[in-house]
>>> print(open('data_10.cif').read())   # mmCIF, C-alpha atoms
data_data
#
loop_
_atom_site.label_atom_id
_atom_site.label_comp_id
_atom_site.auth_asym_id
_atom_site.auth_seq_id
_atom_site.Cartn_x
_atom_site.Cartn_y
_atom_site.Cartn_z
CA MET A 1 114.35 97.19 190.72
CA THR A 2 110.65 96.71 191.03
CA ALA A 3 108.59 99.73 191.84
CA THR A 4 106.01 99.21 194.52
CA VAL A 5 102.78 101.04 193.99
CA THR A 6 100.59 101.44 196.99
CA ARG A 7 97.00 101.82 195.99
CA LYS A 8 94.19 102.91 198.21
CA PHE A 9 90.83 101.33 197.73
CA TYR A 10 89.54 104.44 196.03
CA ASP A 11 92.26 104.19 193.42
CA LEU A 12 90.51 101.27 191.88
CA PRO A 13 90.22 101.84 188.20
CA SER A 14 86.87 102.59 186.73
CA SER A 15 86.13 100.85 183.49
CA SER A 16 88.74 102.69 181.45
CA ARG A 17 91.58 101.32 179.38
CA PRO A 18 91.10 97.61 179.99
CA GLY A 19 93.89 95.35 178.92
CA LEU A 20 93.46 92.35 176.69
CA GLY A 21 93.17 88.70 177.61
CA PRO A 22 91.30 86.64 180.19
CA ALA A 23 93.41 87.74 183.17
CA SER A 24 92.85 91.39 182.44
CA SER A 25 89.19 90.77 181.88
CA TYR A 26 88.92 88.96 185.23
CA VAL A 27 90.67 91.78 187.08
CA GLN A 28 88.47 94.30 185.37
CA ARG A 29 85.30 92.44 186.33
CA LYS A 30 86.45 92.18 189.94
CA ALA A 31 87.41 95.87 190.04
CA ASN A 32 84.05 96.89 188.65
CA ALA A 33 82.20 94.66 191.10
CA CYS A 34 84.20 96.20 193.93
CA ARG A 35 83.42 99.66 192.64
CA VAL A 36 79.71 98.92 192.46
CA GLN A 37 79.84 97.58 196.02
CA ILE A 38 81.55 100.73 197.27
CA LEU A 39 79.06 102.94 195.47
CA SER A 40 76.19 101.07 197.04
CA THR A 41 77.35 102.06 200.53
CA GLU A 42 75.66 104.90 202.34
CA THR A 43 78.92 106.88 202.55
CA TYR A 44 79.64 107.05 198.84
CA GLY A 45 76.34 106.04 197.36
CA HIS A 46 74.04 108.69 198.75
CA VAL A 47 76.11 111.56 197.34
CA LEU A 48 76.22 109.93 193.92
CA ARG A 49 72.48 109.24 194.01
CA ARG A 50 71.80 112.86 194.95
CA VAL A 51 73.82 114.16 191.99
CA LEU A 52 72.19 111.69 189.61
CA ARG A 53 68.78 112.82 190.84
CA GLU A 54 69.77 116.47 190.33
CA LEU A 55 70.98 115.73 186.81
CA HIS A 56 67.70 114.07 185.96
CA GLU A 57 65.65 116.88 187.49
CA GLU A 58 67.68 119.50 185.65
CA TRP A 59 67.27 117.69 182.37
CA LEU A 60 63.51 117.40 182.90
CA GLU A 61 63.20 121.09 183.78
CA CYS A 62 65.12 122.08 180.65
CA GLN A 63 62.84 120.41 178.12
CA SER A 64 60.78 123.42 177.05
CA PRO A 65 62.31 125.64 174.38
CA GLY A 66 63.35 128.91 176.01
CA TRP A 67 63.75 127.38 179.47
CA ASP A 68 66.47 129.97 180.14
CA GLY A 69 64.08 132.88 179.57
CA GLY A 70 65.58 133.29 176.09
CA ASN A 71 66.20 130.96 173.18
CA ALA A 72 67.76 127.92 174.82
CA PRO A 73 66.95 124.64 173.08
CA PRO A 74 65.70 121.67 175.10
CA ILE A 75 68.62 119.74 176.56
CA ALA A 76 68.99 116.53 174.56
CA HIS A 77 68.75 113.16 176.25
CA ASP A 78 72.24 112.32 175.02
CA VAL A 79 73.58 115.19 177.11
CA LEU A 80 72.02 113.64 180.20
CA VAL A 81 73.45 110.23 179.33
CA HIS A 82 76.97 111.60 178.87
CA ALA A 83 76.74 113.63 182.07
CA VAL A 84 75.60 110.58 184.02
CA LEU A 85 78.42 108.47 182.60
CA LEU A 86 80.92 111.15 183.51
CA VAL A 87 79.68 111.43 187.09
CA VAL A 88 79.44 107.67 187.64
CA GLY A 89 82.95 107.24 186.26
CA LEU A 90 84.55 109.75 188.60
CA PRO A 91 87.23 108.25 190.82
CA LEU A 92 85.94 107.79 194.35
CA ASP A 93 88.30 110.38 195.84
CA VAL A 94 86.89 113.11 193.60
CA PRO A 95 83.97 115.04 195.13
CA MET A 96 80.72 115.26 193.23
CA PRO A 97 80.07 118.43 191.19
CA GLU A 98 77.18 120.85 191.18
CA VAL A 99 75.04 120.65 188.06
CA ALA A 100 73.25 123.27 185.95
CA GLY A 101 71.69 123.47 182.51
CA GLN A 102 73.32 125.82 180.02
CA PRO A 103 71.51 127.96 177.42
CA ASN A 104 73.55 126.31 174.65
CA GLY A 105 71.91 122.96 175.37
CA ALA A 106 74.77 121.52 177.38
CA ILE A 107 74.89 120.55 181.05
CA GLY A 108 77.51 122.17 183.23
CA LEU A 109 79.27 120.31 186.02
CA ASP A 110 81.29 122.47 188.35
CA TRP A 111 83.57 122.24 191.32
CA TYR A 112 83.83 125.68 192.86
CA ARG A 113 85.82 127.00 195.79
CA GLY A 114 86.10 130.61 194.64
CA ALA A 115 86.88 132.70 191.56
CA ASN A 116 90.43 131.37 191.45
CA ARG A 117 89.70 127.79 192.41
CA LEU A 118 87.24 126.16 190.11
CA VAL A 119 86.73 123.53 187.46
CA TRP A 120 83.80 123.72 185.09
CA ILE A 121 83.02 121.02 182.55
CA SER A 122 80.41 121.46 179.86
CA VAL A 123 78.96 118.18 178.58
CA THR A 124 77.47 118.17 175.10
CA ALA A 125 75.19 115.85 173.15
CA ASP A 126 77.95 114.50 170.92
CA GLY A 127 80.02 113.34 173.86
CA ALA A 128 82.49 116.19 173.75
CA ILE A 129 83.47 117.99 176.92
CA HIS A 130 84.71 121.54 177.07
CA TRP A 131 86.31 122.72 180.27
CA ILE A 132 88.07 125.48 182.10
CA ALA A 133 90.11 125.19 185.28
CA ARG A 134 91.59 127.70 187.68
CA ALA A 135 93.82 126.72 190.56
CA GLY A 136 95.52 129.81 191.92
CA ASP A 137 97.78 131.22 189.23
CA SER A 138 97.40 128.14 187.11
CA ARG A 139 94.69 128.32 184.46
CA ALA A 140 93.81 125.96 181.67
CA ARG A 141 91.03 125.20 179.28
CA GLY A 142 90.38 122.57 176.68
CA SER A 143 88.06 120.29 174.79
CA ASP A 144 88.14 116.52 174.77
CA VAL A 145 86.08 113.55 173.74
CA LEU A 146 84.43 112.01 176.76
CA LEU A 147 85.90 108.56 177.31
CA ASP A 148 85.31 106.31 180.29
CA GLU A 149 87.43 108.52 182.46
CA LEU A 150 88.23 112.22 182.51
CA PRO A 151 91.66 113.28 181.26
CA GLY A 152 94.28 113.07 184.01
CA GLU A 153 95.05 116.79 183.77
CA LEU A 154 91.44 117.62 184.48
CA LEU A 155 91.16 115.18 187.37
CA ASN A 156 94.29 116.69 188.87
CA TYR A 157 92.78 120.15 188.62
CA ILE A 158 89.63 118.97 190.40
CA ARG A 159 91.72 117.41 193.17
CA ARG A 160 93.80 120.56 193.54
CA VAL A 161 90.74 122.82 193.63
CA MET A 162 88.85 120.74 196.13
CA ASN A 163 91.65 119.47 198.36
CA GLU A 164 94.17 122.28 198.70
CA MET B 165 77.44 145.54 165.62
CA GLU B 166 75.74 148.39 167.40
CA THR B 167 73.12 149.88 165.19
CA GLY B 168 71.73 153.40 165.27
CA ARG B 169 69.46 152.27 168.07
CA ARG B 170 70.43 153.50 171.48
CA MET B 171 74.08 152.56 171.83
CA VAL B 172 75.06 150.80 175.04
CA LEU B 173 77.52 152.96 176.96
CA ASP B 174 80.45 151.54 178.92
CA LEU B 175 79.15 152.59 182.32
CA GLU B 176 75.64 151.25 181.79
CA VAL B 177 74.50 148.37 183.93
CA LEU B 178 72.92 145.36 182.26
CA ALA B 179 70.76 142.76 183.97
CA ARG B 180 70.74 139.05 183.26
CA PHE B 181 67.58 137.61 184.77
CA VAL B 182 68.20 134.47 186.77
CA VAL B 183 65.36 132.08 185.94
CA ARG B 184 67.05 128.84 186.97
CA ARG B 185 67.43 127.81 190.58
CA ARG B 186 70.64 125.96 189.79
CA TRP B 187 72.29 129.07 188.37
CA LEU B 188 72.67 130.21 191.97
CA ARG B 189 75.08 128.86 194.53
CA ALA B 190 74.14 128.41 198.15
CA ASN B 191 76.05 131.62 198.97
CA ARG B 192 73.85 133.57 196.51
CA THR B 193 76.53 134.08 193.91
CA VAL B 194 75.65 133.49 190.28
CA LYS B 195 77.17 130.59 188.38
CA ALA B 196 78.86 131.15 185.05
CA GLN B 197 76.32 128.85 183.39
CA ALA B 198 73.91 131.80 183.56
CA PHE B 199 76.16 133.73 181.17
CA VAL B 200 76.64 131.08 178.51
CA PRO B 201 75.27 132.29 175.18
CA ASP B 202 72.59 130.23 173.44
CA ALA B 203 73.11 128.15 170.33
CA ARG B 204 72.88 131.30 168.20
CA ARG B 205 75.74 132.72 170.25
CA GLU B 206 73.57 135.39 171.82
CA LEU B 207 73.20 136.24 175.49
CA SER B 208 69.98 137.99 176.42
CA VAL B 209 70.27 140.90 178.88
CA PHE B 210 68.30 144.03 179.75
CA ARG B 211 69.65 147.51 180.24
CA HIS B 212 68.70 149.47 183.35
CA GLU B 213 68.75 152.74 181.42
CA GLY B 214 65.39 154.50 181.59
CA PHE B 215 63.83 151.86 183.84
CA SER B 216 62.91 152.32 187.45
CA GLU B 217 63.78 149.45 189.77
CA GLU B 218 60.12 148.41 189.70
CA GLN B 219 60.00 148.45 185.90
CA LEU B 220 63.15 146.36 185.73
CA TRP B 221 61.71 143.71 188.04
CA ALA B 222 58.41 143.81 186.18
CA THR B 223 60.33 143.08 182.97
CA GLY B 224 62.04 140.15 184.67
CA ARG B 225 58.72 138.78 185.80
CA VAL B 226 57.32 139.06 182.27
CA VAL B 227 60.36 137.26 180.82
CA ALA B 228 59.99 134.46 183.37
CA THR B 229 56.23 134.17 182.98
CA MET B 230 56.35 134.07 179.18
CA ARG B 231 58.66 131.04 179.41
CA SER B 232 56.89 129.42 182.37
CA CYS B 233 59.98 129.99 184.51
CA SER B 234 60.43 131.36 188.01
CA LEU B 235 62.37 134.54 188.66
CA TYR B 236 65.10 133.94 191.23
CA GLY B 237 66.81 137.30 190.83
CA ARG B 238 69.01 139.23 188.49
CA ALA B 239 72.72 139.46 187.91
CA ASP B 240 73.91 142.99 187.19
CA VAL B 241 77.04 143.55 185.20
CA ARG B 242 78.58 146.68 183.73
CA ALA B 243 78.70 146.99 179.98
CA ASP B 244 82.45 147.61 179.93
CA THR B 245 83.01 144.28 181.68
CA ILE B 246 81.38 142.60 178.71
CA LYS B 247 83.05 144.79 176.11
CA GLY B 248 86.40 143.98 177.68
CA HIS B 249 86.07 140.50 176.22
CA ALA B 250 85.69 141.81 172.67
CA LEU B 251 81.95 141.19 172.77
CA SER B 252 79.48 143.72 171.44
CA PHE B 253 75.82 144.60 171.80
CA ASP B 254 72.74 144.40 169.65
CA PRO B 255 70.29 146.70 171.46
CA ASN B 256 67.16 145.50 169.65
CA ASP B 257 64.62 146.76 172.20
CA GLU B 258 62.48 143.66 171.62
CA PRO B 259 61.08 143.88 174.24
CA LEU B 260 61.92 147.34 175.51
CA ASN B 261 65.50 147.63 176.80
CA HIS B 262 66.42 144.19 175.55
CA VAL B 263 69.98 143.73 174.34
CA ASN B 264 71.69 140.70 172.88
CA VAL B 265 75.34 140.27 173.72
CA ILE B 266 76.95 139.10 170.50
CA GLY B 267 80.36 138.46 168.98
CA TRP B 268 81.12 135.37 171.06
CA PRO B 269 84.03 133.22 169.90
CA GLU B 270 83.28 129.89 168.27
CA ASP B 271 85.48 127.93 170.63
CA ASP B 272 83.36 126.58 173.48
CA ALA B 273 86.06 126.59 176.12
CA GLU B 274 86.86 130.20 175.26
CA LYS B 275 83.18 131.08 175.64
CA MET B 276 83.22 129.43 179.06
CA GLU B 277 86.27 131.43 180.09
CA ILE B 278 84.46 134.64 179.17
CA ALA B 279 81.21 133.58 180.87
CA GLN B 280 83.15 132.78 184.04
CA SER B 281 84.92 136.15 183.96
CA ILE B 282 81.59 137.95 183.63
CA ALA B 283 80.10 135.88 186.46
CA ASP B 284 83.08 136.76 188.65
CA LEU B 285 82.21 140.44 188.38
CA CYS B 286 78.41 140.38 188.42
CA ARG B 287 76.30 141.37 191.41
CA PHE B 288 73.29 139.33 192.37
CA HIS B 289 70.04 140.93 193.49
CA ALA B 290 67.14 138.92 194.85
CA PRO B 291 63.69 139.99 193.69
CA PRO B 292 61.72 142.21 196.06
CA SER B 293 59.47 140.20 198.31
#
>>> encode(input="data_10.cif", output="structure tokens")
Amino acid sequence: MTATVTRKFYDLPSSSRPGLGPASSYVQRKANACRVQILSTETYGHVLRRVLRELHEEWLECQSPGWDGGNAPPIAHDVLVHAVLLVVGLPLDVPMPEVAGQPNGAIGLDWYRGANRLVWISVTADGAIHWIARAGDSRARGSDVLLDELPGELLNYIRRVMNE
Amino acid sequence: METGRRMVLDLEVLARFVVRRRWLRANRTVKAQAFVPDARRELSVFRHEGFSEEQLWATGRVVATMRSCSLYGRADVRADTIKGHALSFDPNDEPLNHVNVIGWPEDDAEKMEIAQSIADLCRFHAPPS
């Protein structure tokens, strides 16, 4: 029996886990081109551009030592790069996060619907992400290396928090 | 590690000055990012004890001005809320009434969990106009 998988346009893969060989490479190129085209539309593109602008502004405003009123170090450029890659790589059905600098030199990305419905990801200079998630009674936290796409568990939490 | 300096009591209220616009949500609640400790694992707060409201705000303005920041408000939290997470206080009075919250875990996700729990219970106050 062959399973039929119905995919919506926003299920297009980002650039993660490409297969090997020319066919896979072709599909990947087409998928990426399609993704770029979708992101250039007003509907999806303007939200992404707004968040990218906010990330850049936040990084710029957090360049003086003590920008938090205390002893926060300047936020490294690598943090900005990793945060941008994370945001650009979000699946299209996942809403954009709010952004804020953190006194430990990381950038926080958060999806917040209340004290019991939130996801907060902290992006660091070495490409690690640390995160907590609350969706009703379900709570989780973890640390991962930032790859092209967020871990499935984390994406599911974001979807639950923002869609339920 | 609370030294012989004025010990922070459970019922005291501590203020975290909000000097970043993006630490506030549109509904005027304070984001947990405001309560993340710095790289030395210290979170800078000020006790209300012995300060009038005016003196407290004046302190916030000094903190913001010294770092070329703006003062968007303060987040008040009770000391026992912080102690409940096995954190402790270093009341160094540098400047007056300054306290560092110390004893944070090494694990970053655990720190975030604590910062979020403190943010959940803090009360935001906008500066007087």
>>> interface_residues(input="data_10.cif", of="chain B", to="chain A", cutoff="9 Å", atoms="all atoms listed in the file", output="number ranges by chain")
B: 181-187, 189, 195-208, 227-233, 272-274, 276-277, 280-281, 284
>>> residues_around(input="data_10.cif", residues="A:Val94", least_positions_apart="4", cutoff="9 Å", atoms="only C-alpha atoms", output="PyMOL selection string")
chain A and resi 90+155+158-159+162
>>> atom_distance(input="data_10.cif", atom1="atom CA of A:Pro74", atom2="atom CA of B:Ala179")
23.4 Å
>>> atom_distance(input="data_10.cif", atom1="atom CA of B:Leu178", atom2="atom CA of B:His212")
6.0 Å
>>> atom_distance(input="data_10.cif", atom1="atom CA of A:Thr124", atom2="atom CA of A:Val79")
5.3 Å
>>> closest_residue(input="data_10.cif", among="A:Arg35, A:His77, A:Glu149, A:Leu92", to="A:Val47", atoms="only C-alpha atoms")
A:Leu92
>>> closest_residue(input="data_10.cif", among="A:Gln37, A:Ser24, A:Val87, A:Leu80", to="A:Arg49", atoms="all atoms listed in the file")
A:Val87
>>> resolve_selection(input="data_10.cif", expression="the PyMOL selection byres ((chain B and resi 260) around 12)", output="list in words")
Arg169, Arg170, Val209, Phe210, Arg211, His212, Glu213, Gly214, Phe215, Gln219, Leu220, Ala222, Thr223, Gly224, Val226, Val227, Pro255, Asn256, Asp257, Glu258, Pro259, Asn261, His262 and Val263 of chain B
>>> closest_residue(input="data_10.cif", among="B:Arg287, B:Arg192, B:His249, B:Arg225", to="B:Lys275", atoms="all atoms listed in the file")
B:His249
>>> resolve_selection(input="data_10.cif", expression="the PyMOL selection byres ((chain A and resi 89) around 8)", output="list in words")
Ser14, Ser15, Leu85, Leu86, Val87, Val88, Leu90, Pro91, Asp148 and Glu149 of chain A
>>> axis_aligned_box(input="data_10.cif", around="stretch 56-72 of chain A", padding_each_side="4 Å", output="JSON")
{"center_x": 64.3, "center_y": 123.7, "center_z": 180.3, "size_x": 15.0, "size_y": 27.2, "size_z": 22.3}
>>> closest_residue(input="data_10.cif", among="A:Leu48, A:Val145, A:Leu154, A:Ile38", to="A:Ala125", atoms="only C-alpha atoms")
A:Val145
>>> residues_near_point(input="data_10.cif", point="(82.9, 136.0, 171.6)", cutoff="9 Å", atoms="only C-alpha atoms", output="list in words")
Arg205, His249, Ala250, Leu251, Ser252, Val265, Ile266, Gly267, Trp268, Pro269, Glu270, Asp271, Glu274, Lys275 and Ile278 of chain B
>>> closest_residue(input="data_10.cif", among="A:Leu60, A:Val161, A:Thr43, A:Ala128", to="A:Pro97", atoms="only C-alpha atoms")
A:Val161
>>> decode(input="data_10.cif", residues="stretch 86-151 of chain A", atoms="C-alpha atoms", output="PDB file, in the first residue's frame")
ATOM      1  CA  LEU A  86      16.573  30.670  12.197  1.00  0.00           C
ATOM      2  CA  VAL A  87      13.840  33.143  11.286  1.00  0.00           C
ATOM      3  CA  VAL A  88      14.332  32.798   7.530  1.00  0.00           C
ATOM      4  CA  GLY A  89      14.240  29.014   7.859  1.00  0.00           C
ATOM      5  CA  LEU A  90      10.931  28.913   9.712  1.00  0.00           C
ATOM      6  CA  PRO A  91       8.242  26.969   7.881  1.00  0.00           C
ATOM      7  CA  LEU A  92       5.749  29.323   6.279  1.00  0.00           C
ATOM      8  CA  ASP A  93       2.879  28.241   8.526  1.00  0.00           C
ATOM      9  CA  VAL A  94       4.781  29.278  11.654  1.00  0.00           C
ATOM     10  CA  PRO A  95       4.154  32.878  12.752  1.00  0.00           C
ATOM     11  CA  MET A  96       7.090  35.197  13.215  1.00  0.00           C
ATOM     12  CA  PRO A  97       8.419  35.693  16.764  1.00  0.00           C
ATOM     13  CA  GLU A  98       9.027  38.817  18.790  1.00  0.00           C
ATOM     14  CA  VAL A  99      12.694  39.592  19.325  1.00  0.00           C
ATOM     15  CA  ALA A 100      14.666  41.004  22.264  1.00  0.00           C
ATOM     16  CA  GLY A 101      18.286  41.216  23.319  1.00  0.00           C
ATOM     17  CA  GLN A 102      19.286  39.321  26.443  1.00  0.00           C
ATOM     18  CA  PRO A 103      21.815  40.460  29.068  1.00  0.00           C
ATOM     19  CA  ASN A 104      23.825  37.268  28.521  1.00  0.00           C
ATOM     20  CA  GLY A 105      24.637  38.346  24.966  1.00  0.00           C
ATOM     21  CA  ALA A 106      22.044  36.164  23.274  1.00  0.00           C
ATOM     22  CA  ILE A 107      18.977  37.185  21.281  1.00  0.00           C
ATOM     23  CA  GLY A 108      15.615  35.916  22.424  1.00  0.00           C
ATOM     24  CA  LEU A 109      12.870  34.945  20.006  1.00  0.00           C
ATOM     25  CA  ASP A 110       9.493  34.383  21.566  1.00  0.00           C
ATOM     26  CA  TRP A 111       6.000  33.332  20.690  1.00  0.00           C
ATOM     27  CA  TYR A 112       3.720  34.354  23.526  1.00  0.00           C
ATOM     28  CA  ARG A 113       0.019  33.871  24.104  1.00  0.00           C
ATOM     29  CA  GLY A 114       0.079  33.930  27.906  1.00  0.00           C
ATOM     30  CA  ALA A 115       2.001  32.541  30.873  1.00  0.00           C
ATOM     31  CA  ASN A 116       0.983  28.989  29.980  1.00  0.00           C
ATOM     32  CA  ARG A 117       1.264  29.275  26.229  1.00  0.00           C
ATOM     33  CA  LEU A 118       4.673  30.348  25.124  1.00  0.00           C
ATOM     34  CA  VAL A 119       7.839  29.329  23.357  1.00  0.00           C
ATOM     35  CA  TRP A 120      11.075  31.181  23.959  1.00  0.00           C
ATOM     36  CA  ILE A 121      14.266  30.420  22.065  1.00  0.00           C
ATOM     37  CA  SER A 122      17.597  31.919  23.032  1.00  0.00           C
ATOM     38  CA  VAL A 123      20.077  32.105  20.147  1.00  0.00           C
ATOM     39  CA  THR A 124      23.758  32.209  21.017  1.00  0.00           C
ATOM     40  CA  ALA A 125      26.944  33.102  19.173  1.00  0.00           C
ATOM     41  CA  ASP A 126      28.123  29.514  18.817  1.00  0.00           C
ATOM     42  CA  GLY A 127      24.958  28.452  17.041  1.00  0.00           C
ATOM     43  CA  ALA A 128      23.397  26.741  20.018  1.00  0.00           C
ATOM     44  CA  ILE A 129      19.776  27.359  20.892  1.00  0.00           C
ATOM     45  CA  HIS A 130      18.311  27.012  24.342  1.00  0.00           C
ATOM     46  CA  TRP A 131      14.558  26.948  24.669  1.00  0.00           C
ATOM     47  CA  ILE A 132      11.579  26.571  26.917  1.00  0.00           C
ATOM     48  CA  ALA A 133       8.013  25.807  25.899  1.00  0.00           C
ATOM     49  CA  ARG A 134       4.705  25.829  27.722  1.00  0.00           C
ATOM     50  CA  ALA A 135       1.488  24.637  26.146  1.00  0.00           C
ATOM     51  CA  GLY A 136      -1.119  24.216  28.852  1.00  0.00           C
ATOM     52  CA  ASP A 137       0.019  21.477  31.200  1.00  0.00           C
ATOM     53  CA  SER A 138       2.771  20.431  28.863  1.00  0.00           C
ATOM     54  CA  ARG A 139       6.163  21.978  29.554  1.00  0.00           C
ATOM     55  CA  ALA A 140       9.539  21.291  28.051  1.00  0.00           C
ATOM     56  CA  ARG A 141      12.949  22.805  27.767  1.00  0.00           C
ATOM     57  CA  GLY A 142      16.130  21.921  25.978  1.00  0.00           C
ATOM     58  CA  SER A 143      19.272  22.885  24.146  1.00  0.00           C
ATOM     59  CA  ASP A 144      20.140  22.033  20.572  1.00  0.00           C
ATOM     60  CA  VAL A 145      22.579  22.936  17.863  1.00  0.00           C
ATOM     61  CA  LEU A 146      20.928  25.218  15.346  1.00  0.00           C
ATOM     62  CA  LEU A 147      20.663  23.376  12.044  1.00  0.00           C
ATOM     63  CA  ASP A 148      18.789  24.527   8.969  1.00  0.00           C
ATOM     64  CA  GLU A 149      15.493  23.826  10.625  1.00  0.00           C
ATOM     65  CA  LEU A 150      14.268  23.872  14.210  1.00  0.00           C
ATOM     66  CA  PRO A 151      13.737  20.521  15.916  1.00  0.00           C
TER      67      PRO A 151
END
